[in-house]
$ cat input14.txt   # compact mmCIF, C-alpha atoms
# COMPACT_ATOMS: atom_id res chain seq x y z
CA MET A 1 33.72 57.72 -56.33
CA LYS A 2 37.11 58.05 -54.60
CA SER A 3 38.10 54.42 -55.27
CA TRP A 4 37.03 54.68 -58.92
CA THR A 5 38.98 57.92 -59.30
CA CYS A 6 42.09 56.20 -57.95
CA ALA A 7 41.58 53.27 -60.32
CA LEU A 8 41.33 55.67 -63.25
CA LEU A 9 44.51 57.41 -62.16
CA GLY A 10 46.22 54.05 -62.07
CA ILE A 11 45.32 53.67 -65.75
CA LEU A 12 46.31 57.19 -66.75
CA LEU A 13 49.58 57.59 -64.87
CA GLY A 14 52.54 57.37 -67.20
CA GLY A 15 51.08 60.00 -69.48
CA THR A 16 48.65 62.87 -69.40
CA ALA A 17 45.46 62.56 -71.43
CA VAL A 18 45.06 65.89 -73.17
CA ALA A 19 43.23 67.24 -76.16
CA ASP A 20 46.36 68.57 -77.89
CA ASP A 21 50.11 68.92 -77.34
CA THR A 22 49.64 70.85 -74.07
CA THR A 23 51.07 69.02 -71.05
CA ALA A 24 50.78 69.49 -67.32
CA ASP A 25 54.41 70.59 -67.16
CA ALA A 26 54.46 73.21 -64.39
CA ASP A 27 57.37 74.99 -66.10
CA LYS A 28 55.26 75.60 -69.18
CA GLY A 29 52.24 76.75 -67.22
CA PHE A 30 48.77 76.96 -68.65
CA VAL A 31 47.90 79.87 -70.91
CA VAL A 32 44.56 81.57 -70.31
CA PRO A 33 43.96 84.12 -73.10
CA ASP A 34 42.11 87.42 -72.75
CA GLY A 35 38.38 86.89 -72.50
CA PHE A 36 38.79 83.60 -70.63
CA GLU A 37 39.27 82.51 -67.04
CA LEU A 38 40.92 79.47 -65.51
CA ARG A 39 38.60 76.65 -64.41
CA MET A 40 39.75 73.47 -62.68
CA LEU A 41 38.44 70.13 -63.91
CA GLU A 42 37.81 68.27 -60.69
CA PRO A 43 38.41 65.73 -59.27
CA LEU A 44 41.40 65.14 -61.56
CA GLY A 45 42.91 68.61 -61.14
CA GLY A 46 42.81 69.36 -64.86
CA ARG A 47 42.58 72.88 -66.25
CA VAL A 48 40.52 74.54 -68.94
CA ALA A 49 40.12 78.09 -70.22
CA ARG A 50 36.45 79.03 -69.74
CA PRO A 51 35.04 81.98 -71.71
CA ASN A 52 34.10 84.81 -69.38
CA GLY A 53 30.46 84.61 -68.39
CA TRP A 54 30.04 80.97 -69.38
CA PHE A 55 28.62 78.38 -67.02
CA TYR A 56 30.34 75.26 -65.72
CA ARG A 57 29.12 72.03 -64.24
CA GLU A 58 30.50 68.56 -63.72
CA ALA A 59 28.85 65.20 -63.16
CA HIS A 60 30.67 61.91 -62.64
CA ASP A 61 29.47 58.35 -62.18
CA ALA A 62 30.75 54.79 -62.21
CA ALA A 63 31.06 54.92 -65.99
CA SER A 64 32.67 58.24 -66.77
CA PHE A 65 33.76 61.74 -65.87
CA LYS A 66 31.92 64.61 -67.54
CA TRP A 67 32.52 68.37 -67.55
CA VAL A 68 30.35 70.93 -69.39
CA LEU A 69 31.07 74.57 -70.27
CA SER A 70 28.09 76.38 -71.78
CA ALA A 71 27.01 79.86 -72.80
CA GLU A 72 23.54 79.28 -71.36
CA ASN A 73 22.72 78.34 -67.78
CA PRO A 74 22.16 74.55 -67.78
CA GLU A 75 19.80 74.97 -64.83
CA ASP A 76 17.35 76.62 -67.26
CA GLY A 77 17.27 73.63 -69.60
CA PRO A 78 19.40 72.18 -72.42
CA TYR A 79 22.09 74.62 -73.54
CA GLN A 80 22.44 75.64 -77.18
CA THR A 81 26.13 76.59 -77.21
CA GLY A 82 28.79 74.74 -75.29
CA VAL A 83 31.50 72.12 -74.96
CA ARG A 84 31.23 68.80 -73.14
CA ILE A 85 34.32 66.80 -72.16
CA GLN A 86 33.63 63.16 -71.31
CA LEU A 87 36.24 60.60 -70.27
CA ILE A 88 35.40 56.90 -70.16
CA ALA A 89 37.88 54.44 -68.63
CA ALA A 90 38.00 50.63 -68.68
CA VAL A 91 36.03 50.62 -71.93
CA GLN A 92 36.76 46.97 -72.72
CA ALA A 93 35.47 45.78 -69.36
CA LYS A 94 32.34 47.90 -69.53
CA THR A 95 31.36 47.42 -73.19
CA GLY A 96 33.17 44.33 -74.44
CA GLN A 97 34.82 46.48 -77.13
CA SER A 98 38.23 48.03 -77.40
CA ALA A 99 38.29 51.79 -76.92
CA LYS A 100 39.06 52.21 -80.62
CA ALA A 101 36.11 50.02 -81.67
CA PHE A 102 33.84 51.86 -79.22
CA VAL A 103 34.80 55.23 -80.71
CA GLU A 104 34.51 54.00 -84.30
CA GLU A 105 31.03 52.64 -83.61
CA PHE A 106 30.04 56.04 -82.21
CA LEU A 107 31.36 57.79 -85.33
CA GLU A 108 29.45 55.44 -87.61
CA GLY A 109 26.30 56.28 -85.69
CA ARG A 110 26.83 60.00 -86.28
CA ARG A 111 27.47 59.43 -90.00
CA ALA A 112 24.26 57.43 -90.28
CA SER A 113 22.03 59.87 -88.40
CA ALA A 114 23.36 63.34 -89.27
CA LYS A 115 24.63 65.37 -92.22
CA VAL A 116 28.44 65.25 -92.23
CA ILE A 117 30.06 68.66 -92.84
CA ASP A 118 33.70 67.71 -92.32
CA GLU A 119 35.99 65.02 -90.89
CA CYS A 120 39.52 65.14 -89.48
CA PRO A 121 42.29 62.73 -90.44
CA VAL A 122 43.26 60.15 -87.85
CA GLU A 123 46.22 61.51 -85.87
CA ASP A 124 48.46 59.49 -83.55
CA GLN A 125 49.32 61.82 -80.66
CA GLY A 126 51.38 59.27 -78.74
CA LEU A 127 49.28 58.46 -75.70
CA LEU A 128 46.03 58.87 -77.64
CA THR A 129 44.83 58.77 -81.23
CA ARG A 130 42.47 61.55 -82.30
CA THR A 131 39.99 62.15 -85.07
CA CYS A 132 36.86 64.26 -85.39
CA ILE A 133 33.62 64.63 -87.28
CA ARG A 134 31.53 67.79 -87.69
CA THR A 135 27.85 67.38 -88.40
CA GLU A 136 24.69 69.34 -88.97
CA GLU A 137 21.77 67.87 -87.09
CA SER A 138 18.50 68.69 -85.39
CA ILE A 139 18.23 68.43 -81.61
CA PRO A 140 14.57 68.59 -80.58
CA SER A 141 15.36 68.84 -76.87
CA ALA A 142 17.27 72.09 -77.44
CA ASN A 143 14.03 73.89 -78.39
CA SER A 144 15.27 75.21 -81.71
CA GLU A 145 13.85 74.86 -85.20
CA GLU A 146 17.29 75.69 -86.59
CA PRO A 147 19.78 72.83 -86.97
CA PHE A 148 22.99 72.71 -84.98
CA GLN A 149 26.57 72.23 -86.06
CA ILE A 150 28.39 69.88 -83.73
CA GLN A 151 32.01 68.78 -83.75
CA TYR A 152 32.81 65.50 -82.05
CA SER A 153 36.54 65.29 -81.31
CA VAL A 154 37.18 61.70 -80.25
CA PHE A 155 40.22 59.97 -78.81
CA TRP A 156 41.14 56.42 -77.88
CA GLY A 157 44.12 55.16 -75.93
CA ASN A 158 46.96 53.55 -77.86
CA GLN A 159 47.97 51.47 -74.84
CA LEU A 160 45.38 52.69 -72.33
CA ASP A 161 41.81 51.42 -72.23
CA VAL A 162 40.25 54.89 -72.30
CA ALA A 163 38.04 56.90 -74.66
CA LEU A 164 37.67 60.67 -74.64
CA PHE A 165 34.85 62.62 -76.29
CA VAL A 166 34.93 66.42 -76.69
CA THR A 167 31.62 67.66 -78.11
CA SER A 168 31.41 71.30 -79.25
CA GLY A 169 28.18 72.65 -80.66
CA THR A 170 26.00 75.65 -81.41
CA LEU A 171 23.33 76.75 -83.85
CA ALA A 172 24.53 76.23 -87.42
CA SER A 173 24.24 79.96 -88.16
CA ARG A 174 26.60 80.76 -85.25
CA TRP A 175 29.30 78.12 -85.77
CA THR A 176 31.82 80.58 -87.28
CA GLU A 177 31.26 82.94 -84.35
CA TYR A 178 31.92 80.34 -81.68
CA GLN A 179 34.49 78.11 -83.36
CA PRO A 180 37.51 80.11 -82.03
CA LEU A 181 36.16 79.73 -78.48
CA PHE A 182 35.67 75.99 -78.97
CA GLU A 183 39.24 75.64 -80.20
CA GLU A 184 40.58 77.46 -77.14
CA ILE A 185 38.54 75.31 -74.76
CA GLU A 186 39.87 72.16 -76.42
CA LYS A 187 43.38 73.06 -75.28
CA PHE A 188 42.45 71.82 -71.81
CA GLU A 189 44.65 69.68 -69.57
CA LEU A 190 42.76 66.72 -68.19
CA ILE A 191 44.78 65.73 -65.14
CA ASP A 192 47.32 67.16 -62.70
CA LEU A 193 49.77 64.33 -62.02
CA ASP A 194 51.34 66.30 -59.17
CA ARG A 195 48.24 65.57 -57.08
CA PHE A 196 48.77 61.82 -57.14
CA ASP A 197 51.44 59.32 -56.22
CA GLY A 198 52.82 56.60 -58.50
CA ASN A 199 49.93 54.27 -57.62
CA GLY A 200 47.25 56.78 -58.53
CA GLN A 201 46.50 57.60 -54.89
CA PRO A 202 45.77 61.25 -54.04
CA LEU A 203 48.49 62.99 -52.02
CA THR A 204 45.77 64.49 -49.81
CA ASP A 205 43.02 62.67 -47.98
CA GLU A 206 40.52 65.45 -48.69
CA PRO A 207 37.74 63.98 -50.87
CA ALA A 208 37.05 65.57 -54.22
CA LYS A 209 33.75 67.40 -54.52
CA ASP A 210 31.45 67.18 -57.54
CA GLU A 211 29.81 70.34 -58.81
CA GLY A 212 26.53 70.05 -60.63
CA GLU A 213 24.12 67.20 -61.04
CA ALA A 214 25.16 63.63 -60.33
CA ILE A 215 24.52 60.99 -62.96
CA ASP A 216 22.81 57.71 -62.19
CA GLU A 217 25.41 55.19 -61.06
CA ASP A 218 23.87 52.66 -63.47
CA ALA A 219 23.97 54.97 -66.47
CA ALA A 220 25.00 53.36 -69.74
CA VAL A 221 28.58 53.76 -70.90
CA GLU A 222 27.69 55.88 -73.87
CA PRO A 223 28.66 59.42 -74.88
CA ASN A 224 25.75 61.82 -74.91
CA ASP A 225 24.41 63.45 -78.05
CA GLY A 226 25.08 67.11 -78.72
CA SER A 227 22.21 68.47 -76.66
CA GLU A 228 23.47 67.59 -73.19

$ encode --input "input14.txt" --output "structure tokens"
Amino acid sequence: MKSWTCALLGILLGGTAVADDTTADADKGFVVPDGFELRMLEPLGGRVARPNGWFYREAHDAASFKWVLSAENPEDGPYQTGVRIQLIAAVQAKTGQSAKAFVEEFLEGRRASAKVIDECPVEDQGLLTRTCIRTEESIPSANSEEPFQIQYSVFWGNQLDVALFVTSGTLASRWTEYQPLFEEIEKFELIDLDRFDGNGQPLTDEPAKDEGEAIDEDAAVEPNDGSE
């Protein structure tokens, strides 16, 4: 894991992959609003505002990094309300597709299998390009007869071979209630560049620790659906 983390940092250095205009500039700081608490996104040193009382877990493998914030305890089964952040690096090498093509194929799959509620325009954010799709779909594994609304915010690198998926979802009847929380979570910072040198090597020899379940090292390079 440590060598793969360093390789990823070698790709990302030169810019910070974030979900909006927030940067890791220490002078700006990171705003945690009332009702939220700061949570670090390890092992990259990123930061996210977690709603008070929500659960957190992370699981990383040879294909991707993944962090999950959920209203329900994931140890009790699939959550119904939450946000998953998944970063995939070296997409071309792993899939044979560019990061953009990989993301576009994913979006086409959602359009074909779910009811589309809304879509975002494509937005060039400099380091990354972003778009999103919001769907209504059934998730049998979530043990609910009611459909879910899920927003897939997706990013691909303009020069970097990375793809980023931010999946926010809840029961369709509760989307309006939780949407402001989802928007706040999506202001996360993905990486703390101050932890690494110019070659992507950590400035400390202390190994990063995963929290939560580990994913199979041979897992497919594919973003999960909205249930988990």

$ closest_residue --input "input14.txt" --among "A:Gly157, A:Gly169, A:Pro43, A:Pro180" --to "A:Phe65" --atoms "all atoms listed in the file"
A:Pro43

$ closest_residue --input "input14.txt" --among "A:Ile85, A:Leu164, A:Ala142, A:His60" --to "A:Val48" --atoms "only C-alpha atoms"
A:Ile85

$ residues_around --input "input14.txt" --residues "A:Met40" --least-positions-apart "4" --cutoff "12 Å" --atoms "all atoms listed in the file" --output "list in words"
Phe30, Leu44, Gly45, Gly46, Arg47, Val48, Ala49, Arg50, Tyr56, Arg57, Glu58, Trp67, Val68, Leu69, Phe188, Glu189, Leu190, Ile191, Asp192, Ala208, Lys209, Asp210 and Glu211 of chain A

$ closest_residue --input "input14.txt" --among "A:Gln86, A:Ser153, A:Thr170, A:Gln92" --to "A:Asp118" --atoms "only C-alpha atoms"
A:Ser153

$ closest_residue --input "input14.txt" --among "A:Glu137, A:Thr131, A:Thr81, A:Gly126" --to "A:Leu107" --atoms "all atoms listed in the file"
A:Thr131

$ closest_residue --input "input14.txt" --among "A:Ser168, A:Gln97, A:Ser113, A:Gln125" --to "A:Phe148" --atoms "all atoms listed in the file"
A:Ser168

$ closest_residue --input "input14.txt" --among "A:Ile133, A:Trp54, A:Asn73, A:Leu171" --to "A:Glu145" --atoms "all atoms listed in the file"
A:Leu171

$ atom_distance --input "input14.txt" --atom1 "atom CA of A:Ala90" --atom2 "atom CA of A:Val166"
18.0 Å

$ atom_distance --input "input14.txt" --atom1 "atom CA of A:Asn52" --atom2 "atom CA of A:Gly77"
20.2 Å

$ residues_around --input "input14.txt" --residues "A:Val116" --least-positions-apart "5" --cutoff "10 Å" --atoms "all atoms listed in the file" --output "PyMOL selection string"
chain A and resi 110-111+133-137+149-151

$ write_last_selection --input "input14.txt" --atoms "C-alpha atoms" --output "compact mmCIF listing (two decimals), in the frame of the given file"
# COMPACT_ATOMS: atom_id res chain seq x y z
CA ARG A 110 26.83 60.00 -86.28
CA ARG A 111 27.47 59.43 -90.00
CA ILE A 133 33.62 64.63 -87.28
CA ARG A 134 31.53 67.79 -87.69
CA THR A 135 27.85 67.38 -88.40
CA GLU A 136 24.69 69.34 -88.97
CA GLU A 137 21.77 67.87 -87.09
CA GLN A 149 26.57 72.23 -86.06
CA ILE A 150 28.39 69.88 -83.73
CA GLN A 151 32.01 68.78 -83.75

$ atom_distance --input "input14.txt" --atom1 "atom CA of A:Glu72" --atom2 "atom CA of A:Val31"
24.4 Å

$ closest_atom_pairs --input "input14.txt" --of "stretch 112-157 of chain A" --to "stretch 102-106 of chain A" --cutoff "8 Å" --atoms "all atoms listed in the file" --output "JSON lines"
{"residue": "A:Val154", "atom": "CA", "partner": "A:Val103", "partner_atom": "CA", "distance": 6.9}
{"residue": "A:Phe155", "atom": "CA", "partner": "A:Val103", "partner_atom": "CA", "distance": 7.4}
{"residue": "A:Trp156", "atom": "CA", "partner": "A:Val103", "partner_atom": "CA", "distance": 7.0}

$ residues_around --input "input14.txt" --residues "A:Val91" --least-positions-apart "3" --cutoff "8 Å" --atoms "all atoms listed in the file" --output "MDAnalysis selection string"
chainID A and resid 88 94:99 102 161:163

$ residues_near_point --input "input14.txt" --point "(13.8, 75.3, -78.7)" --cutoff "10 Å" --atoms "only C-alpha atoms" --output "PyMOL selection string"
chain A and resi 77-80+139-146

$ axis_aligned_box --input "input14.txt" --around "stretch 72-87 of chain A" --padding-each-side "5 Å" --output "AutoDock Vina command-line options"
--center_x 26.8 --center_y 69.9 --center_z -71.0 --size_x 29.0 --size_y 28.7 --size_z 22.4

$ build_atoms --input "input14.txt" --residues "stretch 99-117 of chain A" --atoms "N, CA and C atoms" --output "JSON list (two decimals), in the frame of the given file"
[["chain", "number", "residue", "atom", "x", "y", "z"],
["A", 99, "ALA", "N", 38.62, 50.36, -76.87],
["A", 99, "ALA", "CA", 38.29, 51.79, -76.92],
["A", 99, "ALA", "C", 38.20, 52.28, -78.36],
["A", 100, "LYS", "N", 39.09, 51.80, -79.22],
["A", 100, "LYS", "CA", 39.06, 52.21, -80.62],
["A", 100, "LYS", "C", 37.76, 51.77, -81.28],
["A", 101, "ALA", "N", 37.35, 50.52, -81.07],
["A", 101, "ALA", "CA", 36.11, 50.02, -81.67],
["A", 101, "ALA", "C", 34.90, 50.78, -81.13],
["A", 102, "PHE", "N", 34.94, 51.11, -79.84],
["A", 102, "PHE", "CA", 33.84, 51.86, -79.22],
["A", 102, "PHE", "C", 33.70, 53.23, -79.87],
["A", 103, "VAL", "N", 34.82, 53.92, -80.07],
["A", 103, "VAL", "CA", 34.80, 55.23, -80.71],
["A", 103, "VAL", "C", 34.36, 55.13, -82.16],
["A", 104, "GLU", "N", 34.87, 54.14, -82.88],
["A", 104, "GLU", "CA", 34.51, 54.00, -84.30],
["A", 104, "GLU", "C", 33.03, 53.70, -84.47],
["A", 105, "GLU", "N", 32.46, 52.92, -83.56],
["A", 105, "GLU", "CA", 31.03, 52.64, -83.61],
["A", 105, "GLU", "C", 30.23, 53.93, -83.38],
["A", 106, "PHE", "N", 30.70, 54.76, -82.45],
["A", 106, "PHE", "CA", 30.04, 56.04, -82.21],
["A", 106, "PHE", "C", 30.08, 56.91, -83.47],
["A", 107, "LEU", "N", 31.23, 56.98, -84.13],
["A", 107, "LEU", "CA", 31.36, 57.79, -85.33],
["A", 107, "LEU", "C", 30.44, 57.29, -86.44],
["A", 108, "GLU", "N", 30.35, 56.00, -86.60],
["A", 108, "GLU", "CA", 29.45, 55.44, -87.61],
["A", 108, "GLU", "C", 28.01, 55.83, -87.32],
["A", 109, "GLY", "N", 27.65, 55.87, -86.06],
["A", 109, "GLY", "CA", 26.30, 56.28, -85.69],
["A", 109, "GLY", "C", 26.02, 57.72, -86.07],
["A", 110, "ARG", "N", 27.01, 58.60, -85.89],
["A", 110, "ARG", "CA", 26.83, 60.00, -86.28],
["A", 110, "ARG", "C", 26.71, 60.12, -87.80],
["A", 111, "ARG", "N", 27.53, 59.37, -88.52],
["A", 111, "ARG", "CA", 27.47, 59.43, -90.00],
["A", 111, "ARG", "C", 26.11, 58.97, -90.51],
["A", 112, "ALA", "N", 25.54, 58.00, -89.82],
["A", 112, "ALA", "CA", 24.26, 57.43, -90.28],
["A", 112, "ALA", "C", 23.08, 58.32, -89.94],
["A", 113, "SER", "N", 23.20, 59.14, -88.89],
["A", 113, "SER", "CA", 22.03, 59.87, -88.40],
["A", 113, "SER", "C", 22.09, 61.37, -88.62],
["A", 114, "ALA", "N", 23.22, 61.89, -89.11],
["A", 114, "ALA", "CA", 23.36, 63.34, -89.27],
["A", 114, "ALA", "C", 24.06, 63.65, -90.59],
["A", 115, "LYS", "N", 23.94, 64.90, -91.02],
["A", 115, "LYS", "CA", 24.63, 65.37, -92.22],
["A", 115, "LYS", "C", 26.08, 65.68, -91.86],
["A", 116, "VAL", "N", 27.02, 65.05, -92.53],
["A", 116, "VAL", "CA", 28.44, 65.25, -92.23],
["A", 116, "VAL", "C", 28.95, 66.47, -92.98],
["A", 117, "ILE", "N", 29.50, 67.44, -92.25],
["A", 117, "ILE", "CA", 30.06, 68.66, -92.84],
["A", 117, "ILE", "C", 31.55, 68.49, -93.12]]
